[in-house]
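A.B. asks: Dumping the structure here so I can ask a few things about it.
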Amino acid sequence: MKKRPSAEQIAGLLRQADVDLGEGVTVADVGRRLGVSQQTHQLQPHDSQRQLPHRTALRNQTRRRITAAIAGIPAESSLFRLAAYALHCQAFVFRHRRWPSSPDREFNDLLFSRKVNGSLSDPLCRFVTDKEHGKTFIAERVGAHRTIPTVAILHSPREIDDFRADGWPLVAKPTHSSGRKAIIEDQQELSLAIPMMRDWLEHCYFRVSLELNYRDLERKVIVERYLPDTFPFEGSIYCRDGQPRVISIVDRRTEDKTRVSLDGQGRPVHFALGRRYCPMPDPKLPYLETLMAEAAVLAERFAFIRVDFYGSPTDFLFGELTNLPAAALGRFDSPAGAAEFNGAFFAPLPLA
């Protein structure tokens with residue numbers, strides 16, 4: 001068995017890597033010198049499958065510690081870029097069992113390239129990542145009537161403790177994080193949610209994700225109105241180079257999230273990302289053309305953005321703007337689904 005390098009050896013390798021980067025060697029080439037190669041990573045998923053649960057837990061704990069340590073390195077430094085690149089490579093190959101080598105043909109590869117090439121440091125990407133500011137951006141571009149009503153922005157534990165609702169139900173989310181929310185139906189549920197909301201103010205998503213658009217975001221909690229059942233649909237519009245390429249419409253009332261997806265020309269695309277594909281009939285939303293046109297307005301300044309929305313039978317509201325769906329780790333429901341999505345997403349736009 002190959003002996004693992006010691007901490008001192010790793011430190012020496014990273015110091016040399018910092019020198020190499022300073023001399024103009026690319027991050028990818030330095031990674032290969034350190035053994036961050038396609039061949040190295042291709043072994044890891046198969047090795048990891050043989051690990052016992054306690055070893056998996058230990059690996060995850062070690063990864064969290066390494067990620068937190070990397071997050072403490074100045075993000076502008078070449079050393080941060082190298083360390084983050086290595087960690088993101090490991091996660092991508094462990095998840096997808098392949099190398100992220102086709103950013104012009106594979107959706108997750110495109111997301112990975114944005115994750116490691118500094119694109120997420122763009123001020124606009126960072127601005128819309130903040131859920132409060134994202135709503136400001138939507139209001140400025142297409143009108144405040146397209147946003148979900150905001151009840152409160154809470155900046156401190158004291159403001160959370162003092163918050164009083166004037167109606168139910170509500171949704172609370174940290175503006176500086178991802179994947180966290182609380183649906184609050186009444187005062188009792190609000191009381192139970194307060195400790196969690198206070199904890200959100202201590203949470204730094206950048207320290208666990210190394211996604212640069214989350215770095216140094218102000219920590220706040222946004223409270224919004226929960227959309228009623230009159231908005232039975234939710235969905236996402238995947239935009240590339242400022243243009244909507246694929247739209248997914250999901251029936252949020254169904255447990256298996258039945259859906260229909262269309263490309264920019266209205267042709268069906270059969271896929272699901274992160275779950276099993278369960279089709280539904282096209283609801284023939286009367287505002288689809290307006291929805292796609294306004295999504296294009298929102299996407300105009302982005303190389304990639306996912307525009308989320310909620311729909312009723314007659315109208316729609318925009319939700320969040322997402323720079324990096326599932327952190328480039330989302331799995332398609334099937335190879336056929338991935339091929340259909342990628343074909344639609346990367347297809348050349350028709351000539352006007």
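Scheme for the structure tokens: letters A, B, ... for chains in order shown; per-chain residue numbers from 1; ligand numbers from 1 in order shown.
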Need the shell around Ala152 of chain A: protein/DNA/RNA residues with any atom at most 10 Å away, counting only C-alpha atoms. Skip same-chain ones fewer than 6 positions apart. Format as number ranges by chain?

C.D. replies: A: 159-160, 163-165, 172, 221-225

A.B. asks: Restrict the selected residues to C-alpha atoms and save them as an mmCIF file, in the first residue's frame.

C.D. replies:
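What landed in out_5.cif:
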data_model
loop_
_atom_site.group_PDB
_atom_site.id
_atom_site.type_symbol
_atom_site.label_atom_id
_atom_site.label_comp_id
_atom_site.auth_asym_id
_atom_site.auth_seq_id
_atom_site.Cartn_x
_atom_site.Cartn_y
_atom_site.Cartn_z
ATOM 1 C CA GLU A 159 -34.040 41.182 16.195
ATOM 2 C CA ILE A 160 -34.891 37.498 15.803
ATOM 3 C CA PHE A 163 -39.769 39.503 15.704
ATOM 4 C CA ARG A 164 -43.560 39.457 15.726
ATOM 5 C CA ALA A 165 -45.557 38.097 12.805
ATOM 6 C CA ALA A 172 -37.543 32.047 7.005
ATOM 7 C CA VAL A 221 -32.387 36.108 8.053
ATOM 8 C CA ILE A 222 -35.092 36.943 5.545
ATOM 9 C CA VAL A 223 -38.728 36.246 6.373
ATOM 10 C CA GLU A 224 -41.198 36.020 3.482
ATOM 11 C CA ARG A 225 -44.836 35.205 2.905
#

A.B. asks: Would you compute the distance between atom CA of Phe231 of chain A and atom CA of Trp168 of chain A? Give it in Å to one decimal.

C.D. replies: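 Computing the Euclidean distance for atom CA of Phe231 of chain A and atom CA of Trp168 of chain A yields 16.1 Å.
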
A.B. asks: Counting only C-alpha atoms, what is within 6 Å of segment 232-238 of chain A, bar same-chain residues fewer than 6 positions away, as number ranges by chain?

C.D. replies: A: 244-252, 306-312

A.B. asks: Nearest residue to Lys135 of chain A out of A:Gly343, A:Gly319, A:Pro100, A:Pro348, using only C-alpha atoms?

C.D. replies: A:Gly319

A.B. asks: Set the distance at 8 Å and use only C-alpha atoms: which residues neighbour segment 282-297 of chain A once local chain neighbours fewer than 3 positions away are removed? I'd like the list as a list in words.

C.D. replies: Arg141, Val142, Ile237, Cys239, Gly242, Gln243, Pro244, Val260, Glu300, Val307, Pro313, Thr314, Asp315 and Phe316 of chain A

A.B. asks: Using N, CA and C atoms, can you export the residues from the last selection as an mmCIF file, in the first residue's frame?

C.D. replies:
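Saved the output as selection.cif:
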data_model
loop_
_atom_site.group_PDB
_atom_site.id
_atom_site.type_symbol
_atom_site.label_atom_id
_atom_site.label_comp_id
_atom_site.auth_asym_id
_atom_site.auth_seq_id
_atom_site.Cartn_x
_atom_site.Cartn_y
_atom_site.Cartn_z
ATOM 1 N N ARG A 141 -34.841 45.084 -12.236
ATOM 2 C CA ARG A 141 -34.795 44.665 -13.645
ATOM 3 C C ARG A 141 -36.183 44.445 -14.243
ATOM 4 N N VAL A 142 -37.092 43.852 -13.486
ATOM 5 C CA VAL A 142 -38.401 43.520 -14.078
ATOM 6 C C VAL A 142 -39.572 44.004 -13.239
ATOM 7 N N ILE A 237 -35.357 28.106 -14.697
ATOM 8 C CA ILE A 237 -34.983 28.425 -16.071
ATOM 9 C C ILE A 237 -33.461 28.483 -16.123
ATOM 10 N N CYS A 239 -30.191 29.398 -17.792
ATOM 11 C CA CYS A 239 -29.800 30.400 -18.775
ATOM 12 C C CYS A 239 -28.291 30.361 -19.018
ATOM 13 N N GLY A 242 -26.816 34.677 -21.184
ATOM 14 C CA GLY A 242 -27.912 35.635 -21.161
ATOM 15 C C GLY A 242 -29.210 35.167 -21.781
ATOM 16 N N GLN A 243 -29.292 33.891 -22.181
ATOM 17 C CA GLN A 243 -30.495 33.411 -22.846
ATOM 18 C C GLN A 243 -31.054 32.170 -22.156
ATOM 19 N N PRO A 244 -32.365 32.107 -21.962
ATOM 20 C CA PRO A 244 -32.968 30.877 -21.422
ATOM 21 C C PRO A 244 -32.760 29.714 -22.392
ATOM 22 N N VAL A 260 -42.537 18.918 -16.271
ATOM 23 C CA VAL A 260 -42.365 18.974 -17.709
ATOM 24 C C VAL A 260 -41.273 19.995 -17.980
ATOM 25 N N GLU A 300 -29.320 38.583 -18.501
ATOM 26 C CA GLU A 300 -28.576 39.288 -19.548
ATOM 27 C C GLU A 300 -27.092 39.454 -19.230
ATOM 28 N N VAL A 307 -32.657 30.839 -13.010
ATOM 29 C CA VAL A 307 -33.713 31.726 -12.525
ATOM 30 C C VAL A 307 -34.860 30.855 -12.020
ATOM 31 N N PRO A 313 -51.975 29.429 -12.204
ATOM 32 C CA PRO A 313 -52.487 29.230 -13.568
ATOM 33 C C PRO A 313 -52.462 30.493 -14.417
ATOM 34 N N THR A 314 -52.343 31.681 -13.779
ATOM 35 C CA THR A 314 -52.463 32.925 -14.545
ATOM 36 C C THR A 314 -51.298 33.896 -14.363
ATOM 37 N N ASP A 315 -50.400 33.655 -13.394
ATOM 38 C CA ASP A 315 -49.350 34.633 -13.122
ATOM 39 C C ASP A 315 -48.146 33.936 -12.514
ATOM 40 N N PHE A 316 -47.036 34.666 -12.349
ATOM 41 C CA PHE A 316 -45.813 34.078 -11.813
ATOM 42 C C PHE A 316 -45.038 35.102 -10.992
#

A.B. asks: Can you tell me, as an MDAnalysis selection string, what residues are no more than 12 Å from Val171 of chain A when counting only C-alpha atoms, ignoring any on the same chain fewer than 6 positions away?

C.D. replies: chainID A and resid 148:153 165 180:186 189:190 193 197 221:228

A.B. asks: Next, dump the selected residues to file, keeping only N, CA and C atoms, as a CSV table (one decimal), in the first residue's frame.

C.D. replies:
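Final output, saved to part-v7.csv:
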chain,number,residue,atom,x,y,z
A,148,ILE,N,-41.6,37.8,-4.3
A,148,ILE,CA,-42.4,37.4,-3.2
A,148,ILE,C,-42.3,38.4,-2.1
A,149,PRO,N,-43.4,38.8,-1.4
A,149,PRO,CA,-43.4,39.9,-0.4
A,149,PRO,C,-42.4,39.5,0.7
A,150,THR,N,-41.6,40.5,1.1
A,150,THR,CA,-40.7,40.3,2.2
A,150,THR,C,-41.4,40.9,3.5
A,151,VAL,N,-41.4,40.1,4.6
A,151,VAL,CA,-42.0,40.5,5.8
A,151,VAL,C,-40.9,41.2,6.7
A,152,ALA,N,-39.7,40.6,6.8
A,152,ALA,CA,-38.7,41.2,7.6
A,152,ALA,C,-37.3,40.8,7.2
A,153,ILE,N,-36.3,41.6,7.5
A,153,ILE,CA,-34.9,41.2,7.4
A,153,ILE,C,-34.3,41.4,8.8
A,165,ALA,N,-44.9,38.3,14.1
A,165,ALA,CA,-45.6,38.1,12.8
A,165,ALA,C,-47.0,38.7,12.8
A,180,ARG,N,-31.2,25.9,3.5
A,180,ARG,CA,-31.7,26.0,4.8
A,180,ARG,C,-33.0,26.9,4.7
A,181,LYS,N,-34.1,26.4,5.3
A,181,LYS,CA,-35.3,27.2,5.4
A,181,LYS,C,-36.2,26.6,6.5
A,182,ALA,N,-37.1,27.4,7.0
A,182,ALA,CA,-38.1,27.0,7.9
A,182,ALA,C,-39.5,27.5,7.5
A,183,ILE,N,-40.4,26.6,7.3
A,183,ILE,CA,-41.8,27.0,7.0
A,183,ILE,C,-42.5,27.1,8.4
A,184,ILE,N,-43.1,28.2,8.7
A,184,ILE,CA,-43.6,28.5,10.0
A,184,ILE,C,-45.1,28.8,9.9
A,185,GLU,N,-45.9,27.9,10.5
A,185,GLU,CA,-47.4,28.0,10.4
A,185,GLU,C,-48.1,28.8,11.4
A,186,ASP,N,-47.4,29.0,12.6
A,186,ASP,CA,-48.1,29.7,13.7
A,186,ASP,C,-47.1,30.2,14.7
A,189,GLU,N,-44.8,27.4,16.2
A,189,GLU,CA,-43.7,27.0,15.3
A,189,GLU,C,-42.6,28.1,15.2
A,190,LEU,N,-43.0,29.4,15.3
A,190,LEU,CA,-42.0,30.4,15.3
A,190,LEU,C,-41.1,30.3,16.5
A,193,ALA,N,-38.7,27.8,16.0
A,193,ALA,CA,-37.7,28.1,14.9
A,193,ALA,C,-36.6,29.1,15.4
A,197,MET,N,-32.9,29.9,13.8
A,197,MET,CA,-32.6,31.1,13.1
A,197,MET,C,-31.4,31.9,13.7
A,221,VAL,N,-31.3,37.0,8.3
A,221,VAL,CA,-32.4,36.1,8.1
A,221,VAL,C,-33.5,36.9,7.4
A,222,ILE,N,-34.0,36.3,6.3
A,222,ILE,CA,-35.1,36.9,5.5
A,222,ILE,C,-36.4,36.1,5.8
A,223,VAL,N,-37.4,36.9,6.1
A,223,VAL,CA,-38.7,36.2,6.4
A,223,VAL,C,-39.7,36.7,5.3
A,224,GLU,N,-40.3,35.7,4.6
A,224,GLU,CA,-41.2,36.0,3.5
A,224,GLU,C,-42.6,35.4,3.7
A,225,ARG,N,-43.5,35.9,2.9
A,225,ARG,CA,-44.8,35.2,2.9
A,225,ARG,C,-44.7,33.8,2.2
A,226,TYR,N,-45.3,32.8,2.8
A,226,TYR,CA,-45.4,31.5,2.1
A,226,TYR,C,-46.4,31.5,1.0
A,227,LEU,N,-46.0,31.2,-0.2
A,227,LEU,CA,-47.0,31.2,-1.3
A,227,LEU,C,-48.1,30.2,-1.1
A,228,PRO,N,-49.3,30.6,-1.3
A,228,PRO,CA,-50.5,29.7,-1.1
A,228,PRO,C,-50.6,28.7,-2.2

A.B. asks: Go ahead and compute the interatomic distance for atom CA of Asn117 of chain A and atom CA of His96 of chain A, in Å to one decimal.

C.D. replies: 19.7 Å

A.B. asks: Find the residues near Arg275 of chain A: any atom within 9 Å, counting only C-alpha atoms, skip ones fewer than 3 places away on the same chain, and give them as a PyMOL selection string.

C.D. replies: chain A and resi 256-257+272+278+331-333

A.B. asks: Restricted to C-alpha atoms, what would the selected residues look like written as a short mmCIF file (atom, residue, chain, number, x, y, z; two decimals), in the first residue's frame?

C.D. replies:
data_model
loop_
_atom_site.label_atom_id
_atom_site.label_comp_id
_atom_site.auth_asym_id
_atom_site.auth_seq_id
_atom_site.Cartn_x
_atom_site.Cartn_y
_atom_site.Cartn_z
CA ASP A 256 -42.59 12.88 -6.52
CA LYS A 257 -42.31 16.37 -8.05
CA ALA A 272 -34.60 15.48 -13.80
CA CYS A 278 -41.63 11.80 -13.19
CA ARG A 331 -26.79 13.91 -10.71
CA PHE A 332 -29.10 13.57 -13.68
CA ASP A 333 -31.80 10.93 -13.48
#

A.B. asks: Check segment 253-318 of chain A with DSSP on the backbone and list each residue it calls strand (DSSP E), as a list in words.

C.D. replies: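 DSSP-assigned strand (DSSP E) residues in segment 253-318 of chain A: Arg259, Val260, Ser261, Leu262, Asp263, Phe304, Ile305, Arg306, Val307, Asp308, Phe309, Tyr310, Gly311, Phe316, Leu317 and Phe318 of chain A.
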
A.B. asks: List as a Markdown table every residue of segment 45-162 of chain A that is in contact with segment 205-215 of chain A, defined as an atom at most 9 Å from one of its atoms (using only C-alpha atoms), together with the nearest atom pair and the distance in Å rounded to one decimal, sorted by chain and then rising number.

C.D. replies:
| residue | atom | partner | partner_atom | distance |
| --- | --- | --- | --- | --- |
| A:Arg64 | CA | A:Val208 | CA | 6.5 |
| A:Arg65 | CA | A:Val208 | CA | 8.9 |
| A:Thr67 | CA | A:Val208 | CA | 6.0 |
| A:Ala68 | CA | A:Arg207 | CA | 5.0 |
| A:Ala69 | CA | A:Arg207 | CA | 8.2 |
| A:Ile70 | CA | A:Leu210 | CA | 8.0 |
| A:Ala71 | CA | A:Arg207 | CA | 5.3 |
| A:Gly72 | CA | A:Arg207 | CA | 8.0 |
| A:Ala75 | CA | A:Leu212 | CA | 7.9 |
| A:Ala84 | CA | A:Leu210 | CA | 6.9 |
| A:His88 | CA | A:Leu210 | CA | 8.6 |
| A:Lys115 | CA | A:Glu211 | CA | 6.6 |
| A:Val116 | CA | A:Glu211 | CA | 8.6 |
| A:Gly118 | CA | A:Leu212 | CA | 7.5 |
| A:Ser119 | CA | A:Leu212 | CA | 8.4 |
| A:Leu120 | CA | A:Asn213 | CA | 4.9 |
| A:Ser121 | CA | A:Leu212 | CA | 5.5 |
| A:Asp122 | CA | A:Asn213 | CA | 7.6 |
| A:Pro123 | CA | A:Asn213 | CA | 8.2 |
| A:Cys125 | CA | A:Asn213 | CA | 6.2 |
| A:Arg126 | CA | A:Asn213 | CA | 4.5 |
| A:Phe127 | CA | A:Asn213 | CA | 8.1 |
| A:Val128 | CA | A:Asn213 | CA | 8.9 |
| A:Thr129 | CA | A:Asn213 | CA | 6.5 |
| A:Asp130 | CA | A:Tyr214 | CA | 7.9 |

A.B. asks: As a PyMOL selection string, which residues of segment 133-292 of chain A does DSSP assign to helix (DSSP H, G or I)?

C.D. replies: chain A and resi 133-142+144-146+157-162+187-200+205-209+212-214+288-292
